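Data block below; observations after.
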Amino acid sequence: MSGIVTGMTFAEKVTGYNQLVLVISELIMKSFVEQLATYAEYHRDSRNILTHLVGVPVIVFAVIVLLSRPVFDLAGYAVTPAMACCLAASLYYLRLNLVFATLMAVLMATGIYYAMDIAAASTLLWLSTGVGLFVLGWIVQFIGHYFEGKKPAFVDDLMGLLIGPLFVLAELLFLLGLYPSLKQDIERRAGAVRTGSPSANTL
């Protein structure tokens with residue numbers, strides 16, 4: 001990798017640096033509503049949303065399980081890659097919205113709590129649980145996108161992998177009748193949710 005960077009011309013290095021700055025700037029500057037609305041554009045079929053209410057939490061928990069090994073000792077505290085990733089995600093969510101960040105932090109902390117028990121078991125149980133749930137979650141996801149007739153959001157923007165859990169949380173809160181103004185803002189940008197309307201399959 002260092003050889004590739006060294007072989008680049010000055011102009012190529014500047015261009016690459018500028019592109020990186022643009023990506024980071026977009027990541028930082030995009031608002032909470034904009035992030036959810038962008039993700040929602042790929043999820044307007046009610047059946048797709050329903051599958052995501054199942055698939056996304058399963059995938060997130062699977063990733064937490066798989067990243068709960070190895071365990072490092074940090075000043076007498078057990079620390080895992082899962083904890084580091086969840087902390088980083090929580091900090092980003094905090095920049096977007098305090099309430100949603102708090103709820104996500106609680107949910108991820110709960111996931112870490114249960115994942116630690118699985119990771120402490122045999123390697124076979126740890127891997128089979130993590131990989132099995134990960135595959136199951138994505139199967140459910142792709143069934144939803146079959147109904148949607150669109151590819152998953154992360155195909156066009158990897159940020160979709162980070163925004164997906166926020167979207168699911170928002171949809172759950174909408175089902176409880178909470179945050180109606182946020183729901184209206186998202187639908188104004190992404191369009192209303194379709195209930196069982198057929199879509200051409202583009203997967």
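We label chains A, B, ... in the order they appear in the structure tokens, count residues from 1 in each chain, and number ligands from 1 in the order shown.
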
Gly144 in chain A surroundings by only C-alpha atoms, 9 Å radius, close-in-sequence under 6 positions cut, as a ChimeraX atom specification: /A:43,45-52

Selection file, N, CA and C atoms, as a PDB file, in the first residue's frame:
```pdb
ATOM      1  N   HIS A  43     -36.425   2.518   0.821  1.00  0.00           N
ATOM      2  CA  HIS A  43     -37.314   1.719   1.670  1.00  0.00           C
ATOM      3  C   HIS A  43     -38.682   2.394   1.771  1.00  0.00           C
ATOM      4  N   ASP A  45     -41.535   0.669   0.426  1.00  0.00           N
ATOM      5  CA  ASP A  45     -42.531  -0.407   0.450  1.00  0.00           C
ATOM      6  C   ASP A  45     -42.703  -0.880   1.895  1.00  0.00           C
ATOM      7  N   SER A  46     -43.942  -0.950   2.354  1.00  0.00           N
ATOM      8  CA  SER A  46     -44.194  -1.307   3.757  1.00  0.00           C
ATOM      9  C   SER A  46     -43.657  -2.694   4.097  1.00  0.00           C
ATOM     10  N   ARG A  47     -43.654  -3.598   3.107  1.00  0.00           N
ATOM     11  CA  ARG A  47     -43.130  -4.945   3.363  1.00  0.00           C
ATOM     12  C   ARG A  47     -41.624  -4.922   3.557  1.00  0.00           C
ATOM     13  N   ASN A  48     -40.963  -4.050   2.827  1.00  0.00           N
ATOM     14  CA  ASN A  48     -39.512  -3.905   2.982  1.00  0.00           C
ATOM     15  C   ASN A  48     -39.176  -3.327   4.348  1.00  0.00           C
ATOM     16  N   ILE A  49     -39.956  -2.340   4.769  1.00  0.00           N
ATOM     17  CA  ILE A  49     -39.742  -1.751   6.098  1.00  0.00           C
ATOM     18  C   ILE A  49     -39.948  -2.809   7.170  1.00  0.00           C
ATOM     19  N   LEU A  50     -40.986  -3.620   6.999  1.00  0.00           N
ATOM     20  CA  LEU A  50     -41.280  -4.667   7.984  1.00  0.00           C
ATOM     21  C   LEU A  50     -40.128  -5.659   8.098  1.00  0.00           C
ATOM     22  N   THR A  51     -39.567  -6.075   6.965  1.00  0.00           N
ATOM     23  CA  THR A  51     -38.447  -7.018   7.024  1.00  0.00           C
ATOM     24  C   THR A  51     -37.222  -6.380   7.667  1.00  0.00           C
ATOM     25  N   HIS A  52     -37.069  -5.074   7.482  1.00  0.00           N
ATOM     26  CA  HIS A  52     -35.934  -4.387   8.096  1.00  0.00           C
ATOM     27  C   HIS A  52     -36.080  -4.281   9.614  1.00  0.00           C
TER      28      HIS A  52
END
```

When you look at range 174-187 of chain A with a cut-off of 7 Å (counting only C-alpha atoms), what residues show up, excluding the ones that are within fewer than 5 positions of it in the same chain? I need them as a list of chain:residue names.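 Counting only C-alpha atoms, the residues come to A:Val33, A:Leu36, A:Ala37, A:Ala192.
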
Go ahead and save the residues from that selection, with C-alpha atoms, as a PDB file, in the first residue's frame.
```
ATOM      1  CA  VAL A  33     -33.335  14.226   8.586  1.00  0.00           C
ATOM      2  CA  LEU A  36     -32.832   9.220   7.295  1.00  0.00           C
ATOM      3  CA  ALA A  37     -34.523  10.541   4.148  1.00  0.00           C
ATOM      4  CA  ALA A 192     -44.904   8.235   1.262  1.00  0.00           C
TER       5      ALA A 192
END
```

Residues of range 25-197 of chain A in helix (DSSP H, G or I), written as a PyMOL selection string: chain A and resi 25-29+32-40+46-66+81-96+98-120+123-148+153-155+160-175+180-190

So, with only C-alpha atoms as the atoms that count, which of A:Pro81, A:Pro70, A:Gly76, A:Gly137 lies closest to Leu53 in chain A?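 Nearest to Leu53 in chain A: A:Gly137.
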
Quick check for you: according to DSSP on this backbone, which residues of range 23-156 of chain A are classed as strand (DSSP E)? Reply as a list of chain:residue names.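 Here is the list: A:Phe72, A:Asp73, A:Leu74, A:Tyr77, A:Ala78, A:Val79.
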
What is the CA of Leu169 in chain A to CA of Gly130 in chain A distance in Å?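 These atoms are spaced 21.9 Å apart.
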
Considering only C-alpha atoms, can you say which of A:Ala190, A:Val65, A:Val131, A:Leu91 comes closest to Asp117 in chain A?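 Among the listed residues, the smallest separation from Asp117 in chain A belongs to A:Val65.
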
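The environment of Leu87 in chain A within 12 Å, counting only C-alpha atoms and disregarding residues fewer than 3 places along the same chain, consists of Ile64, Val79, Thr80, Pro81, Ala82, Met83, Ala84, Ser90, Leu91, Tyr92, Tyr93, Leu94, Ala101, Thr102, Met104, Ala105, Val106, Met108, Ala109 and Ile112 of chain A.
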
Prev. selection, N, CA and C atoms, output as a compact mmCIF listing (two decimals), in the first residue's frame:
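Output file selection13.txt is given in full below:
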```txt
# COMPACT_ATOMS: atom_id res chain seq x y z
N ILE A 64 -22.13 -7.58 16.54
CA ILE A 64 -21.65 -7.38 17.92
C ILE A 64 -21.12 -8.70 18.48
N VAL A 79 -12.16 -5.10 27.30
CA VAL A 79 -12.58 -4.29 26.15
C VAL A 79 -12.56 -5.14 24.90
N THR A 80 -13.58 -5.01 24.08
CA THR A 80 -13.67 -5.79 22.84
C THR A 80 -13.80 -4.85 21.64
N PRO A 81 -13.51 -5.37 20.44
CA PRO A 81 -13.73 -4.56 19.23
C PRO A 81 -15.18 -4.10 19.11
N ALA A 82 -16.11 -4.92 19.58
CA ALA A 82 -17.53 -4.54 19.53
C ALA A 82 -17.79 -3.27 20.33
N MET A 83 -17.17 -3.17 21.49
CA MET A 83 -17.34 -1.97 22.33
C MET A 83 -16.80 -0.74 21.63
N ALA A 84 -15.63 -0.88 21.01
CA ALA A 84 -15.02 0.25 20.31
C ALA A 84 -15.89 0.72 19.14
N SER A 90 -22.00 5.43 18.38
CA SER A 90 -22.77 6.28 19.30
C SER A 90 -22.34 7.74 19.22
N LEU A 91 -21.05 7.96 19.08
CA LEU A 91 -20.55 9.33 18.96
C LEU A 91 -21.05 9.99 17.69
N TYR A 92 -21.11 9.21 16.61
CA TYR A 92 -21.64 9.77 15.36
C TYR A 92 -23.15 10.04 15.50
N TYR A 93 -23.88 9.10 16.09
CA TYR A 93 -25.31 9.31 16.30
C TYR A 93 -25.56 10.52 17.19
N LEU A 94 -24.67 10.73 18.14
CA LEU A 94 -24.82 11.87 19.04
C LEU A 94 -24.74 13.18 18.29
N ALA A 101 -29.48 8.96 19.71
CA ALA A 101 -28.15 8.46 20.09
C ALA A 101 -28.22 7.75 21.44
N THR A 102 -28.97 8.31 22.36
CA THR A 102 -29.11 7.71 23.69
C THR A 102 -29.81 6.36 23.60
N MET A 104 -30.02 4.42 20.97
CA MET A 104 -29.14 3.48 20.27
C MET A 104 -28.04 2.97 21.19
N ALA A 105 -27.49 3.85 22.02
CA ALA A 105 -26.43 3.46 22.94
C ALA A 105 -26.94 2.41 23.93
N VAL A 106 -28.17 2.61 24.41
CA VAL A 106 -28.77 1.64 25.34
C VAL A 106 -28.98 0.30 24.65
N MET A 108 -27.42 -0.88 21.96
CA MET A 108 -26.14 -1.52 21.66
C MET A 108 -25.47 -2.06 22.91
N ALA A 109 -25.60 -1.35 24.02
CA ALA A 109 -25.03 -1.83 25.28
C ALA A 109 -25.72 -3.12 25.71
N ILE A 112 -24.30 -5.84 23.57
CA ILE A 112 -22.96 -6.20 24.04
C ILE A 112 -23.05 -7.12 25.26
```

How far is it from CA of Leu161 in chain A to CA of Tyr39 in chain A, in Å with one decimal?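 Separating CA of Leu161 in chain A from CA of Tyr39 in chain A is a distance of 9.6 Å.
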